[in-house]
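File shown here: my_file18.cif, holding mmCIF, C-alpha atoms and all ligand atoms.
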data_upload
#
loop_
_atom_site.label_atom_id
_atom_site.label_comp_id
_atom_site.auth_asym_id
_atom_site.auth_seq_id
_atom_site.Cartn_x
_atom_site.Cartn_y
_atom_site.Cartn_z
CA MET O 257 82.47 86.11 111.99
CA GLY O 258 83.18 89.83 112.41
CA ILE O 259 86.09 91.63 113.98
CA ASN O 260 87.02 91.71 117.66
CA SER O 261 88.97 94.98 117.88
CA ARG O 262 90.55 93.77 121.12
CA LYS O 263 92.19 90.71 119.53
CA VAL O 264 95.61 90.46 117.90
CA VAL O 265 97.57 87.53 116.44
CA VAL O 266 101.36 87.41 116.15
CA VAL O 267 102.73 84.85 113.66
CA GLY O 268 106.42 84.18 114.26
CA CYS O 269 107.66 84.29 117.85
CA GLY O 270 111.38 84.82 117.38
CA PHE O 271 113.18 87.98 118.50
CA VAL O 272 110.83 90.34 116.65
CA GLY O 273 107.59 88.45 117.30
CA SER O 274 108.20 87.92 121.01
CA SER O 275 109.38 91.51 121.56
CA SER O 276 106.33 92.78 119.69
CA ALA O 277 104.07 90.52 121.77
CA PHE O 278 105.73 91.80 124.95
CA ALA O 279 105.27 95.43 123.86
CA LEU O 280 101.66 94.72 122.84
CA MET O 281 100.93 93.21 126.26
CA GLN O 282 102.23 96.35 127.95
CA SER O 283 100.34 98.64 125.56
CA GLN O 284 96.99 97.43 126.91
CA LEU O 285 95.52 97.81 123.41
CA PHE O 286 94.21 94.24 123.31
CA SER O 287 92.47 91.83 125.63
CA GLU O 288 93.37 88.69 123.64
CA MET O 289 96.63 87.78 121.94
CA VAL O 290 97.32 84.58 120.00
CA LEU O 291 100.91 83.52 119.36
CA ILE O 292 101.65 81.19 116.43
CA ASP O 293 105.02 79.78 115.43
CA ALA O 294 106.20 76.83 113.33
CA ASP O 295 107.95 75.89 116.56
CA GLN O 296 104.86 75.38 118.75
CA LYS O 297 106.93 74.98 121.92
CA ARG O 298 108.52 78.37 121.32
CA ALA O 299 105.09 79.99 121.01
CA GLU O 300 103.95 78.24 124.19
CA GLY O 301 107.05 79.37 126.11
CA GLU O 302 106.66 82.97 125.00
CA ALA O 303 102.94 82.98 125.85
CA ILE O 304 103.64 81.73 129.37
CA ASP O 305 106.57 84.09 129.94
CA ILE O 306 104.71 87.17 128.64
CA SER O 307 101.60 86.21 130.65
CA HIS O 308 103.66 86.43 133.82
CA GLY O 309 104.08 90.18 133.24
CA MET O 310 100.35 90.69 132.93
CA VAL O 311 99.78 91.32 136.62
CA PHE O 312 101.90 94.46 136.21
CA ALA O 313 99.93 95.63 133.16
CA SER O 314 96.27 94.68 132.73
CA PRO O 315 94.34 91.45 132.29
CA MET O 316 94.34 89.78 128.93
CA LYS O 317 94.26 86.30 127.45
CA ILE O 318 97.62 85.30 125.92
CA TYR O 319 98.04 81.83 124.44
CA ALA O 320 99.86 79.78 121.83
CA GLY O 321 97.24 79.02 119.21
CA THR O 322 96.67 77.80 115.67
CA TYR O 323 95.24 79.35 112.53
CA ASP O 324 91.80 78.27 113.72
CA ASP O 325 92.08 81.03 116.33
CA ILE O 326 92.59 83.91 113.90
CA SER O 327 89.22 84.54 112.27
CA ASP O 328 87.92 87.35 114.49
CA ALA O 329 91.27 89.11 115.08
CA ALA O 330 91.55 92.81 114.25
CA VAL O 331 95.21 92.54 113.27
CA ILE O 332 97.54 89.69 112.31
CA VAL O 333 101.18 90.71 112.70
CA ILE O 334 103.51 88.50 110.62
CA THR O 335 107.12 88.41 111.80
CA ALA O 336 107.94 84.83 110.77
CA GLY O 337 111.03 84.13 108.73
CA ALA O 338 114.78 84.30 108.74
CA ASN O 339 116.49 87.48 109.90
CA GLN O 340 119.61 89.16 108.47
CA LYS O 341 122.97 87.71 109.38
CA PRO O 342 125.99 90.02 109.53
CA ASP O 343 126.84 91.15 105.95
CA GLU O 344 123.48 90.05 104.57
CA THR O 345 121.09 92.62 103.08
CA ARG O 346 117.35 92.43 103.65
CA LEU O 347 116.95 91.47 100.01
CA ASP O 348 119.16 88.39 100.54
CA LEU O 349 116.35 86.87 102.61
CA ILE O 350 113.86 86.82 99.79
CA LYS O 351 113.81 83.17 98.65
CA LYS O 352 113.39 81.66 102.09
CA ASN O 353 110.99 84.26 103.43
CA SER O 354 108.74 84.50 100.40
CA ARG O 355 108.09 80.75 100.68
CA ILE O 356 107.26 81.17 104.38
CA MET O 357 105.00 84.18 103.66
CA LYS O 358 103.08 82.28 100.98
CA SER O 359 102.46 79.35 103.31
CA ILE O 360 101.26 81.60 106.15
CA VAL O 361 98.96 83.67 103.93
CA GLY O 362 97.66 80.39 102.47
CA GLU O 363 96.59 79.32 105.98
CA ILE O 364 95.04 82.72 106.75
CA LYS O 365 93.12 82.69 103.48
CA LYS O 366 91.43 79.42 104.41
CA ARG O 367 89.75 81.25 107.32
CA GLU O 368 87.23 84.07 107.28
CA PHE O 369 89.65 86.77 108.42
CA GLU O 370 88.39 90.32 107.85
CA GLY O 371 91.00 92.35 109.73
CA ILE O 372 94.32 93.92 108.80
CA LEU O 373 97.48 92.02 107.83
CA LEU O 374 100.57 93.77 109.17
CA ILE O 375 103.74 92.39 107.56
CA VAL O 376 107.04 92.86 109.39
CA SER O 377 109.29 90.06 108.03
CA ASN O 378 111.99 91.17 105.60
CA PRO O 379 112.35 92.16 102.89
CA VAL O 380 109.16 93.81 104.09
CA ASP O 381 108.13 95.61 100.89
CA ILE O 382 108.49 92.50 98.73
CA LEU O 383 106.78 90.28 101.32
CA THR O 384 103.91 92.76 101.70
CA TYR O 385 103.47 92.65 97.92
CA ILE O 386 103.45 88.84 98.03
CA ALA O 387 100.97 88.82 100.94
CA LEU O 388 98.71 91.21 99.03
CA LYS O 389 98.72 89.13 95.86
CA GLU O 390 98.44 85.75 97.63
CA SER O 391 95.61 86.88 99.91
CA GLY O 392 93.59 88.68 97.26
CA TYR O 393 92.57 91.17 99.98
CA PRO O 394 91.98 94.80 99.05
CA ALA O 395 95.18 96.88 99.22
CA ASN O 396 94.05 98.89 102.26
CA ARG O 397 94.05 95.71 104.41
CA VAL O 398 97.64 94.62 103.71
CA ILE O 399 100.23 96.89 105.33
CA GLY O 400 103.98 96.57 105.72
CA SER O 401 105.73 98.11 108.71
CA GLY O 402 107.87 99.70 106.00
CA THR O 403 109.98 102.64 107.10
CA VAL O 404 108.08 103.33 110.32
CA LEU O 405 111.11 102.02 112.23
CA ASP O 406 113.64 103.87 110.03
CA THR O 407 111.58 107.04 110.46
CA GLY O 408 111.63 106.52 114.23
CA ARG O 409 115.42 106.15 114.10
CA PHE O 410 115.63 109.27 111.91
CA ARG O 411 113.53 111.39 114.25
CA TYR O 412 115.54 110.12 117.21
CA GLU O 413 118.88 111.00 115.57
CA LEU O 414 117.63 114.42 114.46
CA GLY O 415 116.24 115.13 117.91
CA GLU O 416 119.58 114.20 119.50
CA HIS O 417 121.48 116.33 117.01
CA LEU O 418 119.27 119.38 117.42
CA GLY O 419 118.76 118.97 121.15
CA VAL O 420 114.96 118.70 120.94
CA ASP O 421 112.40 116.05 121.81
CA SER O 422 112.29 113.62 118.86
CA ARG O 423 108.49 113.81 119.00
CA SER O 424 108.78 117.45 117.88
CA VAL O 425 110.66 116.33 114.77
CA HIS O 426 108.53 115.55 111.73
CA ALA O 427 110.62 113.92 109.06
CA TYR O 428 110.24 110.75 107.00
CA ILE O 429 112.37 108.02 105.58
CA ILE O 430 110.55 106.76 102.48
CA GLY O 431 110.90 104.18 99.69
CA GLU O 432 112.27 100.69 100.31
CA HIS O 433 112.84 99.58 103.92
CA GLY O 434 116.42 98.82 102.95
CA ASP O 435 119.45 100.06 101.11
CA SER O 436 117.64 102.24 98.55
CA GLU O 437 115.57 104.17 101.11
CA LEU O 438 115.83 107.97 101.22
CA ALA O 439 115.26 110.84 103.60
CA ALA O 440 112.52 113.23 102.50
CA TRP O 441 114.47 116.31 103.61
CA SER O 442 112.27 118.71 101.60
CA ASP O 443 109.35 117.86 103.83
CA ALA O 444 111.26 117.64 107.15
CA ARG O 445 110.24 119.99 109.94
CA VAL O 446 111.19 120.65 113.54
CA GLY O 447 108.56 122.41 115.58
CA GLY O 448 107.02 123.65 112.31
CA LEU O 449 110.28 125.07 110.93
CA PRO O 450 111.69 123.56 107.74
CA ILE O 451 114.73 121.54 108.71
CA ASN O 452 116.91 123.36 106.15
CA HIS O 453 116.46 126.41 108.37
CA PHE O 454 118.96 124.77 110.72
CA ASP O 455 121.55 124.65 107.96
CA HIS O 456 123.34 121.49 108.98
CA ASP O 457 124.20 120.09 105.55
CA ALA O 458 127.15 117.86 106.46
CA SER O 459 125.41 116.58 109.57
CA MET O 460 122.26 115.85 107.57
CA GLU O 461 124.15 113.43 105.37
CA LYS O 462 125.84 111.81 108.33
CA ILE O 463 122.56 111.40 110.18
CA PHE O 464 120.88 109.78 107.18
CA ASP O 465 123.78 107.34 106.64
CA HIS O 466 123.66 106.45 110.29
CA VAL O 467 119.93 105.75 110.10
CA LYS O 468 120.24 103.72 106.90
CA ASN O 469 122.99 101.56 108.39
CA SER O 470 121.42 101.20 111.85
CA ALA O 471 120.29 97.62 111.32
CA TYR O 472 123.77 96.57 110.12
CA GLU O 473 125.37 98.29 113.12
CA ILE O 474 123.01 96.63 115.61
CA ILE O 475 123.23 93.19 113.96
CA ALA O 476 127.05 93.37 113.99
CA ARG O 477 126.87 93.85 117.77
CA LYS O 478 123.89 91.76 118.94
CA HIS O 479 122.92 89.62 115.91
CA ALA O 480 119.35 90.91 115.56
CA THR O 481 117.21 94.03 115.98
CA TYR O 482 113.91 93.82 117.80
CA TYR O 483 113.05 96.47 120.41
CA GLY O 484 112.67 99.39 118.00
CA ILE O 485 110.53 97.35 115.60
CA ALA O 486 108.43 96.04 118.50
CA MET O 487 107.52 99.62 119.45
CA ALA O 488 106.80 100.42 115.80
CA VAL O 489 104.47 97.39 115.58
CA CYS O 490 102.66 98.60 118.69
CA ARG O 491 102.30 102.10 117.28
CA ILE O 492 100.83 100.82 113.99
CA CYS O 493 98.43 98.50 115.86
CA ALA O 494 97.28 101.45 117.99
CA ALA O 495 96.51 103.51 114.89
CA ILE O 496 94.44 100.61 113.52
CA VAL O 497 92.45 99.54 116.57
CA ARG O 498 91.88 103.07 117.87
CA ASP O 499 90.85 104.16 114.36
CA GLU O 500 93.29 107.04 114.77
CA GLN O 501 93.83 108.28 111.21
CA SER O 502 97.46 108.76 112.15
CA ILE O 503 99.96 109.49 109.42
CA MET O 504 102.88 107.09 109.29
CA PRO O 505 105.20 105.80 106.56
CA VAL O 506 103.87 102.26 106.31
CA SER O 507 104.49 100.21 103.22
CA SER O 508 101.52 100.07 100.86
CA LEU O 509 100.59 99.41 97.25
CA MET O 510 101.31 102.40 95.04
CA GLN O 511 98.39 103.12 92.74
CA GLY O 512 99.60 106.05 90.65
CA GLU O 513 101.15 108.15 93.45
CA TYR O 514 104.34 109.85 92.17
CA GLY O 515 103.75 107.93 88.92
CA LEU O 516 104.37 104.62 90.72
CA GLU O 517 102.21 101.57 90.05
CA ASP O 518 102.15 97.94 91.14
CA VAL O 519 104.92 98.23 93.70
CA VAL O 520 104.78 98.27 97.49
CA LEU O 521 106.95 100.79 99.35
CA SER O 522 106.72 103.41 102.09
CA ILE O 523 105.13 106.80 101.68
CA PRO O 524 103.32 108.46 104.60
CA ALA O 525 99.74 107.20 104.74
CA VAL O 526 96.68 107.74 106.91
CA VAL O 527 96.25 104.59 109.04
CA ASP O 528 92.99 103.71 110.77
CA ALA O 529 90.57 100.81 111.32
CA ASN O 530 90.40 100.25 107.56
CA GLY O 531 94.17 99.90 107.41
CA ILE O 532 95.42 102.36 104.81
CA GLU O 533 92.86 105.11 104.31
CA THR O 534 94.90 107.12 101.82
CA VAL O 535 98.49 107.87 100.90
CA VAL O 536 99.66 111.42 101.70
CA PRO O 537 101.62 112.86 98.79
CA ILE O 538 104.34 114.82 100.62
CA GLU O 539 106.48 117.42 98.88
CA LEU O 540 109.66 116.02 97.30
CA SER O 541 112.48 117.74 95.45
CA GLU O 542 113.33 116.56 91.94
CA LYS O 543 116.33 114.69 93.30
CA GLU O 544 114.26 112.96 95.99
CA LEU O 545 111.59 112.03 93.45
CA ALA O 546 114.25 110.49 91.22
CA GLN O 547 115.62 108.54 94.22
CA LEU O 548 112.13 107.32 95.11
CA LYS O 549 111.57 106.14 91.54
CA SER O 550 114.88 104.33 91.53
CA SER O 551 113.98 102.66 94.86
CA ALA O 552 110.69 101.54 93.26
CA GLU O 553 112.52 100.19 90.21
CA ILE O 554 114.81 98.09 92.42
CA LEU O 555 111.80 96.58 94.18
CA LYS O 556 109.91 95.99 90.94
CA LYS O 557 112.87 94.18 89.42
CA ILE O 558 113.08 91.87 92.43
CA ILE O 559 109.36 91.17 92.33
CA LYS O 560 109.65 90.29 88.63
CA GLU O 561 112.66 88.03 89.20
CA ASN O 562 110.88 86.19 92.00
CA SER O 563 107.39 85.76 90.57
P1 LIG O 601 113.99 84.80 114.41
O1 LIG O 601 114.78 83.81 113.63
O2 LIG O 601 114.37 85.11 115.81
O3 LIG O 601 112.45 84.36 114.43
C1 LIG O 601 111.78 83.90 113.32
C2 LIG O 601 110.65 83.01 113.82
O4 LIG O 601 109.83 82.66 112.71
C3 LIG O 601 111.15 81.69 114.46
O5 LIG O 601 110.60 81.56 115.76
C4 LIG O 601 110.62 80.61 113.50
O6 LIG O 601 110.27 79.41 114.15
C5 LIG O 601 109.40 81.32 112.93
N1 LIG O 601 108.91 80.74 111.67
C6 LIG O 601 109.64 80.34 110.62
N2 LIG O 601 108.81 79.85 109.65
C7 LIG O 601 107.56 79.95 110.13
C8 LIG O 601 106.28 79.62 109.61
N3 LIG O 601 106.12 79.09 108.39
N4 LIG O 601 105.19 79.86 110.38
C9 LIG O 601 105.33 80.40 111.62
N5 LIG O 601 106.52 80.72 112.16
C10 LIG O 601 107.62 80.51 111.42
O7 LIG O 601 113.98 86.13 113.51
P2 LIG O 601 113.64 87.62 114.03
O8 LIG O 601 114.88 88.29 114.46
O9 LIG O 601 112.46 87.55 114.93
O10 LIG O 601 113.22 88.30 112.65
C11 LIG O 601 112.00 87.97 112.04
C12 LIG O 601 111.83 88.76 110.75
O11 LIG O 601 111.63 90.15 111.07
C13 LIG O 601 113.08 88.72 109.83
O12 LIG O 601 112.67 88.59 108.50
C14 LIG O 601 113.73 90.06 110.09
O13 LIG O 601 114.55 90.49 109.02
C15 LIG O 601 112.50 90.93 110.25
N6 LIG O 601 112.70 92.26 110.84
C16 LIG O 601 111.98 93.27 110.30
C17 LIG O 601 112.13 94.56 110.76
C18 LIG O 601 111.34 95.67 110.11
O14 LIG O 601 111.58 96.86 110.37
N7 LIG O 601 110.40 95.34 109.23
C19 LIG O 601 112.99 94.81 111.85
C20 LIG O 601 113.70 93.75 112.40
C21 LIG O 601 113.56 92.46 111.88
#
Can I see the file as structure tokens?
Ligand code: NAD
Amino acid sequence: MGINSRKVVVVGCGFVGSSSAFALMQSQLFSEMVLIDADQKRAEGEAIDISHGMVFASPMKIYAGTYDDISDAAVIVITAGANQKPDETRLDLIKKNSRIMKSIVGEIKKREFEGILLIVSNPVDILTYIALKESGYPANRVIGSGTVLDTGRFRYELGEHLGVDSRSVHAYIIGEHGDSELAAWSDARVGGLPINHFDHDASMEKIFDHVKNSAYEIIARKHATYYGIAMAVCRICAAIVRDEQSIMPVSSLMQGEYGLEDVVLSIPAVVDANGIETVVPIELSEKELAQLKSSAEILKKIIKENS
């Protein structure tokens, strides 16, 4: 059927799916957006509500659809599944959400979809691995939003701390999107200067802890997180449909990088119309490499226990 680069599908229209759909409408990246949810009425309501903002953005077709509408989409964003409750980790969601992911990918697989699968539901690394295996698609076409959001939070916090525009901060959170993630300080730069140049050791630790615990802090106050991830979804979609070759820490299948195999986690990667073009092996200290490997081990153990 081919790919319509102006068409996107969002599966799951809860907080994250509807916010992503709203951000995607405003982004003007697409001219057609299909919303799918197990709760059809919810998808219909969101499609109508979001459509009413269109006159202030630009024309597009937004509708609640079915899997029969997905075949020519460039990107399918999957946000379906339970979210974290206060005191739950992302990994606590695995049983429920892996069942949901398998059923959604099963539906997608029945159609001739040739675009990119963008997985957002948590635990995102495990669910991206499941989507990859269930779909049988090549690894470049199955991407997790990974630590793109955490990296956004990190750059924001560093920018605030240093008093510079967060877009001038280049620093990554890598590994699991979750409790074992790490900050790649060795590679972090502000306006081209290594971040260590700023000599803020104690603050560095505080900033990282703050970033790592952001979701818990937000969920404790408002029961869910969705605006930040919606912007991250939009940014990843832009890199795909504009064929940007942008570098971002999406979650992808490791195939020997850093000695890691058969596990999905976040390392900066070049993202374009093919999905993941290549992983970018950034410089890590020995300590960071050990942390990354331990993050991978945690994920591998969970995959083994749940397969
Ligand atoms: P939510 O409960 O508000 O929405 C989930 C939606 O999924 C509901 O509308 C539900 O009807 C739908 N759904 C359930 N099973 C389905 C199925 N089989 N097919 C289609 N739709 C189905 O939850 P939320 O706050 O929107 O969170 C969604 C997911 O996104 C959670 O797993 C959450 O942890 C995750 N999340 C990820 C990130 C990230 O950075 N990757 C950030 C925030 C939230």
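Nearest residue to Leu418 in chain O, choosing from O:Met460, O:Leu374, O:Val267, O:Ala440 and counting only C-alpha atoms: O:Met460.
With distances taken over all atoms listed in the file, O:Gly268 is the one residue among O:Gly402, O:Gly415, O:Gly337, O:Gly268 lying closest to Thr322 in chain O.
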Next on the checklist: Which residues are close to range 547-561 of chain O, i.e. within 7 Å by all atoms listed in the file, leaving aside same-chain residues fewer than 2 positions away? Reply as a PyMOL selection string.
Outcome noted: chain O and resi 382+431-432+436-437+519+543-545+563
Please write the residues from the selection above to a file, keeping C-alpha atoms, as a short mmCIF file (atom, residue, chain, number, x, y, z; two decimals), keeping the file's coordinate frame.
data_model
loop_
_atom_site.label_atom_id
_atom_site.label_comp_id
_atom_site.auth_asym_id
_atom_site.auth_seq_id
_atom_site.Cartn_x
_atom_site.Cartn_y
_atom_site.Cartn_z
CA ILE O 382 108.49 92.50 98.73
CA GLY O 431 110.90 104.18 99.69
CA GLU O 432 112.27 100.69 100.31
CA SER O 436 117.64 102.24 98.55
CA GLU O 437 115.57 104.17 101.11
CA VAL O 519 104.92 98.23 93.70
CA LYS O 543 116.33 114.69 93.30
CA GLU O 544 114.26 112.96 95.99
CA LEU O 545 111.59 112.03 93.45
CA SER O 563 107.39 85.76 90.57
#
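In terms of minimum interatomic distance to ligand LIG 601 (chain O), O:Leu347 ranks closest within O:Ile451, O:Leu347, O:Cys493, O:Ala387, counting only C-alpha atoms and all ligand atoms.
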Selection as a PDB file with C-alpha atoms, keeping the file's coordinate frame: residues within 8 Å of (94.6, 88.7, 127.0), counting all atoms listed in the file:
ATOM      1  CA  MET O 281     100.930  93.210 126.260  1.00  0.00           C
ATOM      2  CA  PHE O 286      94.210  94.240 123.310  1.00  0.00           C
ATOM      3  CA  SER O 287      92.470  91.830 125.630  1.00  0.00           C
ATOM      4  CA  GLU O 288      93.370  88.690 123.640  1.00  0.00           C
ATOM      5  CA  MET O 289      96.630  87.780 121.940  1.00  0.00           C
ATOM      6  CA  PRO O 315      94.340  91.450 132.290  1.00  0.00           C
ATOM      7  CA  MET O 316      94.340  89.780 128.930  1.00  0.00           C
ATOM      8  CA  LYS O 317      94.260  86.300 127.450  1.00  0.00           C
ATOM      9  CA  ILE O 318      97.620  85.300 125.920  1.00  0.00           C
TER      10      ILE O 318
END
Item to check | Nearby polymer residues, ligand LIG 601 (chain O), at most 7 Å, all atoms listed in the file, as a PyMOL selection string | outcome: chain O and resi 267-273+292-295+298+335-340+346+353+356+359-360+376-380+401-403+405+480-482+485
With C-alpha atoms retained, write the just-selected residues as a PDB file, in the frame of the given file.
ATOM      1  CA  VAL O 267     102.730  84.850 113.660  1.00  0.00           C
ATOM      2  CA  GLY O 268     106.420  84.180 114.260  1.00  0.00           C
ATOM      3  CA  CYS O 269     107.660  84.290 117.850  1.00  0.00           C
ATOM      4  CA  GLY O 270     111.380  84.820 117.380  1.00  0.00           C
ATOM      5  CA  PHE O 271     113.180  87.980 118.500  1.00  0.00           C
ATOM      6  CA  VAL O 272     110.830  90.340 116.650  1.00  0.00           C
ATOM      7  CA  GLY O 273     107.590  88.450 117.300  1.00  0.00           C
ATOM      8  CA  ILE O 292     101.650  81.190 116.430  1.00  0.00           C
ATOM      9  CA  ASP O 293     105.020  79.780 115.430  1.00  0.00           C
ATOM     10  CA  ALA O 294     106.200  76.830 113.330  1.00  0.00           C
ATOM     11  CA  ASP O 295     107.950  75.890 116.560  1.00  0.00           C
ATOM     12  CA  ARG O 298     108.520  78.370 121.320  1.00  0.00           C
ATOM     13  CA  THR O 335     107.120  88.410 111.800  1.00  0.00           C
ATOM     14  CA  ALA O 336     107.940  84.830 110.770  1.00  0.00           C
ATOM     15  CA  GLY O 337     111.030  84.130 108.730  1.00  0.00           C
ATOM     16  CA  ALA O 338     114.780  84.300 108.740  1.00  0.00           C
ATOM     17  CA  ASN O 339     116.490  87.480 109.900  1.00  0.00           C
ATOM     18  CA  GLN O 340     119.610  89.160 108.470  1.00  0.00           C
ATOM     19  CA  ARG O 346     117.350  92.430 103.650  1.00  0.00           C
ATOM     20  CA  ASN O 353     110.990  84.260 103.430  1.00  0.00           C
ATOM     21  CA  ILE O 356     107.260  81.170 104.380  1.00  0.00           C
ATOM     22  CA  SER O 359     102.460  79.350 103.310  1.00  0.00           C
ATOM     23  CA  ILE O 360     101.260  81.600 106.150  1.00  0.00           C
ATOM     24  CA  VAL O 376     107.040  92.860 109.390  1.00  0.00           C
ATOM     25  CA  SER O 377     109.290  90.060 108.030  1.00  0.00           C
ATOM     26  CA  ASN O 378     111.990  91.170 105.600  1.00  0.00           C
ATOM     27  CA  PRO O 379     112.350  92.160 102.890  1.00  0.00           C
ATOM     28  CA  VAL O 380     109.160  93.810 104.090  1.00  0.00           C
ATOM     29  CA  SER O 401     105.730  98.110 108.710  1.00  0.00           C
ATOM     30  CA  GLY O 402     107.870  99.700 106.000  1.00  0.00           C
ATOM     31  CA  THR O 403     109.980 102.640 107.100  1.00  0.00           C
ATOM     32  CA  LEU O 405     111.110 102.020 112.230  1.00  0.00           C
ATOM     33  CA  ALA O 480     119.350  90.910 115.560  1.00  0.00           C
ATOM     34  CA  THR O 481     117.210  94.030 115.980  1.00  0.00           C
ATOM     35  CA  TYR O 482     113.910  93.820 117.800  1.00  0.00           C
ATOM     36  CA  ILE O 485     110.530  97.350 115.600  1.00  0.00           C
TER      37      ILE O 485
END
For range 345-351 of chain O, supply all heavy atoms and format the output as a compact mmCIF listing (two decimals), keeping the file's coordinate frame.
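Written out: rebuild_2.txt:
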# COMPACT_ATOMS: atom_id res chain seq x y z
N THR O 345 122.05 91.53 103.22
CA THR O 345 121.09 92.62 103.08
C THR O 345 119.69 92.03 103.32
O THR O 345 119.52 90.80 103.33
CB THR O 345 121.12 93.25 101.67
OG1 THR O 345 120.54 92.32 100.76
CG2 THR O 345 122.52 93.62 101.25
N ARG O 346 118.72 92.92 103.46
CA ARG O 346 117.35 92.43 103.65
C ARG O 346 116.90 91.65 102.42
O ARG O 346 116.17 90.68 102.51
CB ARG O 346 116.42 93.61 103.92
CG ARG O 346 116.71 94.29 105.25
CD ARG O 346 115.82 95.50 105.45
NE ARG O 346 116.06 96.14 106.73
CZ ARG O 346 116.89 97.18 106.89
NH1 ARG O 346 117.56 97.67 105.87
NH2 ARG O 346 117.03 97.73 108.09
N LEU O 347 117.38 92.12 101.24
CA LEU O 347 116.95 91.47 100.01
C LEU O 347 117.50 90.05 99.86
O LEU O 347 116.95 89.23 99.14
CB LEU O 347 117.33 92.33 98.80
CG LEU O 347 116.61 93.69 98.74
CD1 LEU O 347 117.11 94.52 97.56
CD2 LEU O 347 115.10 93.52 98.64
N ASP O 348 118.59 89.75 100.58
CA ASP O 348 119.16 88.39 100.54
C ASP O 348 118.20 87.36 101.13
O ASP O 348 118.36 86.16 100.93
CB ASP O 348 120.48 88.33 101.32
CG ASP O 348 121.60 89.07 100.60
OD1 ASP O 348 121.55 89.17 99.36
OD2 ASP O 348 122.52 89.56 101.29
N LEU O 349 117.24 87.81 101.90
CA LEU O 349 116.35 86.87 102.61
C LEU O 349 115.18 86.40 101.75
O LEU O 349 114.39 85.56 102.18
CB LEU O 349 115.76 87.56 103.85
CG LEU O 349 116.75 88.15 104.86
CD1 LEU O 349 116.02 88.97 105.90
CD2 LEU O 349 117.51 87.01 105.55
N ILE O 350 115.11 86.94 100.53
CA ILE O 350 113.86 86.82 99.79
C ILE O 350 113.38 85.39 99.51
O ILE O 350 112.20 85.10 99.71
CB ILE O 350 113.92 87.64 98.50
CG1 ILE O 350 112.56 87.57 97.82
CG2 ILE O 350 114.97 87.18 97.54
CD1 ILE O 350 112.23 88.82 97.17
N LYS O 351 114.27 84.51 99.07
CA LYS O 351 113.81 83.17 98.65
C LYS O 351 113.14 82.44 99.81
O LYS O 351 112.00 81.98 99.71
CB LYS O 351 115.01 82.34 98.15
CG LYS O 351 115.57 82.82 96.82
CD LYS O 351 115.27 81.80 95.73
CE LYS O 351 115.44 82.26 94.31
NZ LYS O 351 115.58 83.65 93.96
